[in-house]
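Engineer: Below: one structure in structure tokens.
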Amino acid sequence: SAQDLIRVLRLCFPNLNAWLQDLPDPRRQDLCRYASPHLWWHILATFLFRAGSRNAFDEKRLTGEAPWNLWQLCGQRVEDPRLNGQPTVTCSDNAAWHASRVDPSQVMSVPLRMIRELLTRRMFDAARLLQHWYVVVVDGTVQEKCRSGFESDGKTATNGARYRYVLQAMLLGPGGRAFPLIHEFVDMHDPVADKEDCELKAFARLSRRIKQEFPRLPICLVGDALYACEPVLRICRQNQWKYVLTLKEGRQPTTWSELLQLLPLNRANRLRFRTGPAGQQGTQDFRWVEKIMLCKLETNAILLGEVTPKTATLYAYVTNFAHLTPDRVQSIVLE
């Protein structure tokens, strides 16, 4: 309920409204009925309450206890003379217009402050890998499919429909919950460099921002097979980060071939145990090889074969965690 949300926010983020108030406000304050946090909370509530659309949210914004709850969320007191004793909620057009006049890079400072608050409160300690490393998952996703004939900058496109692609870094919390950390847009075309952008180039920019914002945070990077390449490994080495990246034969055929050749020479590097209840038991079989080459860099590889009564699956990873032992390997892969 709204009251539960208010209690959680006051407990975990008591300064959230102050951070929203710190954002630039280009309005004439003597003509404003709504405080800046009210406008931002209107936008947040549209997503939190899953109204489906701005119009759907507007239709219900003045019903029931909605005005009183929103004013409690934004911290604007009911005694405010601008209310005339009856709180109201602004419309979505007003909130959207206000947000469009504020630099997005400044708005992004708010979730970063929230993450720092949670880190200070040690809320992520239970999710730290090997009781030390904070797990950051990187993944790209299509944010929006633009209309055919237009690019994201509004210019006419010649190749049909365009996509707005974004690379997201998420901090893994207790229970496997992912908390958005920083995101980086992947432009279909970089007008400055006059060449096509890609997810790996976006990751290079993203990693610089993460290092700048959290210079001393012990990070373990987790990503799919796209990131199992020399440039990403070099970035992790430079930033003193750990990594656990998916390895696929088609992405790194030389590394995969060397891994299969070295497995028979590392028979002691194995761990097997049963999973599942009696009668439905499966098997997890770990094998690993240390000091294997990925392009020009040395890394370690871990294989996990998982067999259940219905399926058989093979997973492969590369990591720079050293001194691999059975317990350490199990923690790296499963935690």
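Note on naming: chains are A, B, ... as they come in the structure tokens, residues start from 1 per chain, ligands start from 1 in the order shown.
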Find the residues around range 65-76 of chain A up to 10 Å (only C-alpha atoms counted), leave out those fewer than 4 positions away in its own chain, and share them as a compact mmCIF listing (two decimals) with C-alpha atoms, in the first residue's frame.
Structural biologist:
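Below you can see out.txt, which holds the result:
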```txt
# COMPACT_ATOMS: atom_id res chain seq x y z
CA SER A 1 0.00 0.00 0.00
CA ALA A 2 0.96 3.65 -0.27
CA GLN A 3 1.44 3.92 3.49
CA LEU A 5 5.81 2.61 0.70
CA ILE A 6 6.00 5.82 2.71
CA ARG A 7 7.27 3.96 5.78
CA LEU A 9 11.15 5.28 2.10
CA ARG A 10 11.39 7.13 5.41
CA LEU A 16 15.22 11.23 -0.99
CA ASN A 17 12.95 14.28 -1.21
CA ALA A 18 15.90 16.53 -0.42
CA LEU A 20 14.83 15.53 -5.62
CA GLN A 21 14.64 19.11 -4.36
CA TYR A 34 3.61 22.10 -6.62
CA ALA A 35 7.06 21.60 -5.14
CA SER A 36 9.73 19.99 -7.32
CA PRO A 37 9.58 16.58 -5.51
CA HIS A 38 5.83 16.45 -6.22
CA LEU A 39 6.47 16.52 -9.98
CA TRP A 40 9.13 13.81 -9.77
CA TRP A 41 6.94 11.64 -7.55
CA HIS A 42 4.13 11.97 -10.08
CA ALA A 45 4.07 6.87 -9.18
CA LYS A 60 -7.37 8.32 -11.09
CA ARG A 61 -4.93 10.86 -9.69
CA ASP A 80 1.18 24.66 2.75
CA LEU A 83 -3.07 23.88 -1.04
CA GLN A 86 -7.17 20.43 -0.06
CA PRO A 87 -4.21 18.67 -1.74
CA THR A 88 -4.40 18.04 -5.46
CA VAL A 89 -2.17 16.20 -7.93
CA THR A 90 -0.64 17.79 -10.99
```
Engineer: Within 10 Å of Pro174 in chain A, counting only C-alpha atoms, which residues qualify if same-chain residues fewer than 6 places away don't, as a ChimeraX atom specification?
Structural biologist: /A:123-128
Engineer: Ranking A:Thr283, A:Arg208, A:Ile219, A:Gln131 by minimum distance to Thr313 in chain A and counting only C-alpha atoms, which one comes first?
Structural biologist: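 Looking at the shortest contact to Thr313 in chain A, the residue is A:Thr283.
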Engineer: One number please: CA of Pro253 in chain A to CA of Ala301 in chain A, in Å, one decimal.
Structural biologist: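 Taking CA of Pro253 in chain A as the start and CA of Ala301 in chain A as the end point, the length is 13.4 Å.
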Engineer: Ranking A:Cys198, A:Leu167, A:Ser92, A:Leu226 by minimum distance to Gly250 in chain A and counting only C-alpha atoms, which one comes first?
Structural biologist: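 Looking only at the distances to Gly250 in chain A, the closest residue turns out to be A:Leu226.
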Engineer: Check the smallest atom-to-atom distance from each of A:Leu247, A:Ala95, A:Val307, A:Leu118 to Leu259 in chain A using only C-alpha atoms, then report the winner.
Structural biologist: A:Leu247
Engineer: Quick one: residues within 9 Å of Leu263 in chain A, only C-alpha atoms counted, chain neighbours fewer than 4 positions away excluded, as a PyMOL selection string?
Structural biologist: chain A and resi 258-259+267+269+287-289
Engineer: What's around Glu184 in chain A at 9 Å? Count only C-alpha atoms, leave out sequence neighbours fewer than 4 positions away in its own chain, and write the answer as an MDAnalysis selection string.
Structural biologist: chainID A and resid 165:169 202:203 205:206
Engineer: Could you give me the residues within range 238-324 of chain A that DSSP places in strand (DSSP E), as a count of residues only?
Structural biologist: 43
